[in-house]
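Peer 1: The file below is data.csv, CSV, C-alpha atoms:
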chain,number,residue,atom,x,y,z
A,1,MET,CA,-5.4,18.8,-5.5
A,2,SER,CA,-8.8,19.3,-3.9
A,3,ASN,CA,-9.9,15.8,-2.8
A,4,ASN,CA,-8.6,12.5,-1.6
A,5,SER,CA,-9.1,10.8,-4.9
A,6,GLU,CA,-6.9,13.3,-6.7
A,7,ILE,CA,-4.3,13.1,-3.9
A,8,ILE,CA,-4.2,9.3,-4.1
A,9,GLU,CA,-3.8,9.4,-7.9
A,10,TYR,CA,-1.1,12.0,-7.7
A,11,LEU,CA,0.9,9.9,-5.2
A,12,ARG,CA,0.3,6.6,-7.0
A,13,GLU,CA,1.7,8.0,-10.2
A,14,ARG,CA,4.9,9.0,-8.3
A,15,ILE,CA,5.7,5.8,-6.4
A,16,PRO,CA,8.1,3.7,-8.5
A,17,VAL,CA,7.3,0.0,-9.2
A,18,PHE,CA,9.6,-3.0,-9.1
A,19,GLU,CA,9.5,-6.7,-9.6
A,20,CYS,CA,8.8,-8.7,-6.4
A,21,VAL,CA,10.2,-12.2,-5.7
A,22,GLN,CA,7.6,-14.7,-6.8
A,23,GLY,CA,5.8,-16.1,-3.8
A,24,CYS,CA,7.0,-13.5,-1.3
A,25,HIS,CA,4.3,-11.9,0.8
A,26,ASP,CA,6.5,-10.4,3.5
A,27,CYS,CA,4.8,-7.0,3.1
A,28,CYS,CA,1.3,-8.4,3.0
A,29,GLY,CA,0.4,-8.2,6.7
A,30,PRO,CA,-2.6,-6.3,8.0
A,31,VAL,CA,-2.3,-2.6,7.1
A,32,THR,CA,-4.4,0.5,7.6
A,33,THR,CA,-5.5,2.6,4.7
A,34,SER,CA,-7.8,5.6,4.1
A,35,SER,CA,-11.5,5.2,3.7
A,36,ALA,CA,-11.0,6.6,0.1
A,37,GLU,CA,-8.5,3.8,-0.7
A,38,MET,CA,-10.6,1.2,1.0
A,39,SER,CA,-13.6,2.1,-1.2
A,40,ARG,CA,-11.6,1.0,-4.2
A,41,LEU,CA,-11.2,-2.5,-2.8
A,42,PRO,CA,-13.6,-5.4,-2.8
A,43,VAL,CA,-15.7,-5.8,0.4
A,44,LYS,CA,-14.7,-8.7,2.5
A,45,SER,CA,-16.8,-10.4,5.1
A,46,ASP,CA,-16.1,-10.2,8.9
A,47,ALA,CA,-15.1,-13.9,8.8
A,48,GLU,CA,-12.6,-13.2,6.0
A,49,HIS,CA,-11.1,-10.3,8.0
A,50,GLU,CA,-10.9,-12.5,11.1
A,51,ALA,CA,-9.2,-15.3,9.3
A,52,ALA,CA,-6.6,-13.0,7.7
A,53,LEU,CA,-5.9,-11.3,11.1
A,54,ASP,CA,-5.5,-14.8,12.7
A,55,GLU,CA,-2.7,-15.4,10.2
A,56,TYR,CA,-1.3,-11.8,10.4
A,57,ASN,CA,-2.1,-11.4,6.7
A,58,CYS,CA,-3.9,-8.8,4.6
A,59,VAL,CA,-7.5,-9.9,3.8
A,60,HIS,CA,-6.7,-9.4,0.1
A,61,LEU,CA,-3.8,-11.9,0.1
A,62,GLY,CA,-4.7,-14.9,-1.9
A,63,PRO,CA,-2.9,-18.1,-2.8
A,64,ASN,CA,-1.2,-16.4,-5.7
A,65,GLY,CA,-0.4,-13.2,-4.0
A,66,CYS,CA,-2.2,-9.8,-3.8
A,67,GLU,CA,-5.7,-10.0,-5.3
A,68,VAL,CA,-6.0,-6.2,-5.5
A,69,TYR,CA,-2.5,-5.5,-6.7
A,70,GLU,CA,-3.6,-2.7,-9.2
A,71,GLU,CA,-5.6,-1.0,-6.5
A,72,ARG,CA,-3.4,-1.7,-3.5
A,73,PRO,CA,-3.1,1.1,-0.9
A,74,LEU,CA,-0.4,3.7,-0.9
A,75,ILE,CA,1.4,2.1,2.1
A,76,CYS,CA,1.7,-1.2,0.2
A,77,ARG,CA,3.0,0.6,-2.9
A,78,LEU,CA,5.6,2.4,-0.8
A,79,PHE,CA,7.0,-0.8,0.7
A,80,GLY,CA,10.4,-1.6,-0.9
A,81,THR,CA,10.7,1.8,-2.6
A,82,THR,CA,12.4,3.6,0.4
A,83,PRO,CA,15.3,2.8,2.6
A,84,ARG,CA,12.9,3.3,5.6
A,85,MET,CA,10.7,0.4,4.4
A,86,PRO,CA,13.1,-2.0,2.7
A,87,CYS,CA,12.2,-5.3,1.0
A,88,PRO,CA,13.7,-8.2,3.0
A,89,ASN,CA,14.7,-9.8,-0.3
A,90,ASN,CA,16.6,-6.7,-1.5
A,91,CYS,CA,14.1,-6.0,-4.3
A,92,ARG,CA,13.8,-2.4,-5.2
A,93,PRO,CA,13.1,-0.1,-8.1
A,94,VAL,CA,15.8,1.3,-10.3
A,95,GLU,CA,15.1,4.7,-8.7
A,96,MET,CA,13.9,4.9,-5.2
A,97,VAL,CA,10.8,7.0,-4.3
A,98,ASP,CA,11.5,10.7,-4.1
A,99,LEU,CA,11.8,11.8,-0.4
A,100,LYS,CA,9.2,14.5,-1.0
A,101,VAL,CA,6.7,12.0,-2.3
A,102,GLU,CA,7.4,9.6,0.6
A,103,ARG,CA,6.7,12.5,3.0
A,104,LEU,CA,3.5,13.3,1.2
A,105,VAL,CA,2.3,9.7,1.5
A,106,HIS,CA,3.0,9.7,5.2
A,107,LYS,CA,1.3,13.1,5.6
A,108,TYR,CA,-1.8,11.7,3.7
A,109,ILE,CA,-1.8,8.7,6.0
A,110,ARG,CA,-1.5,10.9,9.1
A,111,THR,CA,-4.2,13.3,8.1
A,112,THR,CA,-6.9,10.8,6.9
A,113,ARG,CA,-9.1,8.5,8.9
A,114,GLN,CA,-7.5,5.1,8.6
A,115,VAL,CA,-9.3,1.7,8.6
A,116,LEU,CA,-7.9,-1.8,8.9
A,117,VAL,CA,-7.6,-3.6,5.6
Is it possible to give me this structure as structure tokens?

Peer 2:
Amino acid sequence: MSNNSEIIEYLRERIPVFECVQGCHDCCGPVTTSSAEMSRLPVKSDAEHEAALDEYNCVHLGPNGCEVYEERPLICRLFGTTPRMPCPNNCRPVEMVDLKVERLVHKYIRTTRQVLV
């Protein structure tokens, strides 16, 4: 893998998915993400960012949940798939994320410039 886009795709493919509780947004607080991941998301105004931060929400959380679910950052995808980041509603995938993949996600986060979503 030679660039951030390839790394992101590699990791996204290896993080398991699961069904969330309808209406739950417990993992939708402000998060940081890499510039490469941020470039995949719609641009929000400063006012939208401020309003979301005032509520301790992600700027992409809408009235019906995540508005960028298919493009959500790696940290959002990891939530609920590992015992270290459990879902408060006990939702989880059939198979939890492989520890090696989890470590690679955290390494990617540590080694890339992070920006506030």

Peer 1: If we count only C-alpha atoms, what is near Pro86 of chain A at a cut-off of 12 Å, once residues fewer than 6 positions away on the same chain are taken out, given as JSON, numbers by chain?

Peer 2: {"A": [26, 27, 76, 77, 78, 79, 80, 92, 93, 96, 97]}

Peer 1: I need the residue nearest Lys44 of chain A from this list: A:Arg84, A:His60, A:Arg14, A:His25. Use only C-alpha atoms for the distance.

Peer 2: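 Of all the options, A:His60 lies closest to Lys44 of chain A.
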
Peer 1: Near Pro30 of chain A, counting only C-alpha atoms, which residues have an atom at most 10 Å away, once you skip same-chain residues fewer than 5 positions from it, shown as a JSON list (two decimals) with C-alpha atoms, in the frame of the given file?

Peer 2:
[["chain", "number", "residue", "atom", "x", "y", "z"],
["A", 49, "HIS", "CA", -11.10, -10.30, 8.00],
["A", 52, "ALA", "CA", -6.60, -13.00, 7.70],
["A", 53, "LEU", "CA", -5.90, -11.30, 11.10],
["A", 55, "GLU", "CA", -2.70, -15.40, 10.20],
["A", 56, "TYR", "CA", -1.30, -11.80, 10.40],
["A", 57, "ASN", "CA", -2.10, -11.40, 6.70],
["A", 58, "CYS", "CA", -3.90, -8.80, 4.60],
["A", 59, "VAL", "CA", -7.50, -9.90, 3.80],
["A", 60, "HIS", "CA", -6.70, -9.40, 0.10],
["A", 61, "LEU", "CA", -3.80, -11.90, 0.10],
["A", 116, "LEU", "CA", -7.90, -1.80, 8.90],
["A", 117, "VAL", "CA", -7.60, -3.60, 5.60]]

Peer 1: Name the closest residue to Arg113 of chain A among the candidates A:Asn4, A:Asn90, A:Asn64, A:Thr82; distances are taken between atoms, counting only C-alpha atoms.

Peer 2: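 Ranking A:Asn4, A:Asn90, A:Asn64, A:Thr82 by distance to Arg113 of chain A, first place goes to A:Asn4.
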
Peer 1: To one decimal place in Å, what is the distance between atom CA of Ile8 of chain A and atom CA of Glu102 of chain A?

Peer 2: 12.5 Å

Peer 1: Between A:Pro88, A:Pro83, A:Pro73, A:Pro63, which one has atoms that come closest to Arg12 of chain A, using only C-alpha atoms?

Peer 2: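 Ranking A:Pro88, A:Pro83, A:Pro73, A:Pro63 by distance to Arg12 of chain A, first place goes to A:Pro73.
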
Peer 1: Taking only C-alpha atoms into account, which of A:Ser45, A:Glu6, A:Gly65, A:Ile15 comes nearest Arg103 of chain A?

Peer 2: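 With only C-alpha atoms as the atom set, the closest residue is A:Ile15.
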
Peer 1: I'd like to know which of A:His106, A:Cys91, A:Lys100, A:Glu70 is closest to Phe18 of chain A, using all atoms listed in the file.

Peer 2: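 Using all atoms listed in the file, Phe18 of chain A sits closest to A:Cys91.
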
Peer 1: Name the closest residue to Glu9 of chain A among the candidates A:Ala36, A:Cys87, A:Leu99, A:Ala51; distances are taken between atoms, counting only C-alpha atoms.

Peer 2: A:Ala36

Peer 1: Can you work out the spacing between atom CA of Tyr108 of chain A and atom CA of Ser39 of chain A in Å, to one decimal?

Peer 2: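 We find that atom CA of Tyr108 of chain A and atom CA of Ser39 of chain A lie 16.0 Å from each other.
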
Peer 1: Calculate how many Å separate atom CA of Val115 of chain A from atom CA of Val17 of chain A, rounding to one decimal.

Peer 2: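 Atom CA of Val17 of chain A lies 24.4 Å from atom CA of Val115 of chain A.
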
Peer 1: Set the distance at 12 Å and use only C-alpha atoms: which residues neighbour Tyr10 of chain A once local chain neighbours fewer than 6 positions away are removed? I'd like the list as number ranges by chain.

Peer 2: A: 1-4, 74, 101, 104-105, 108
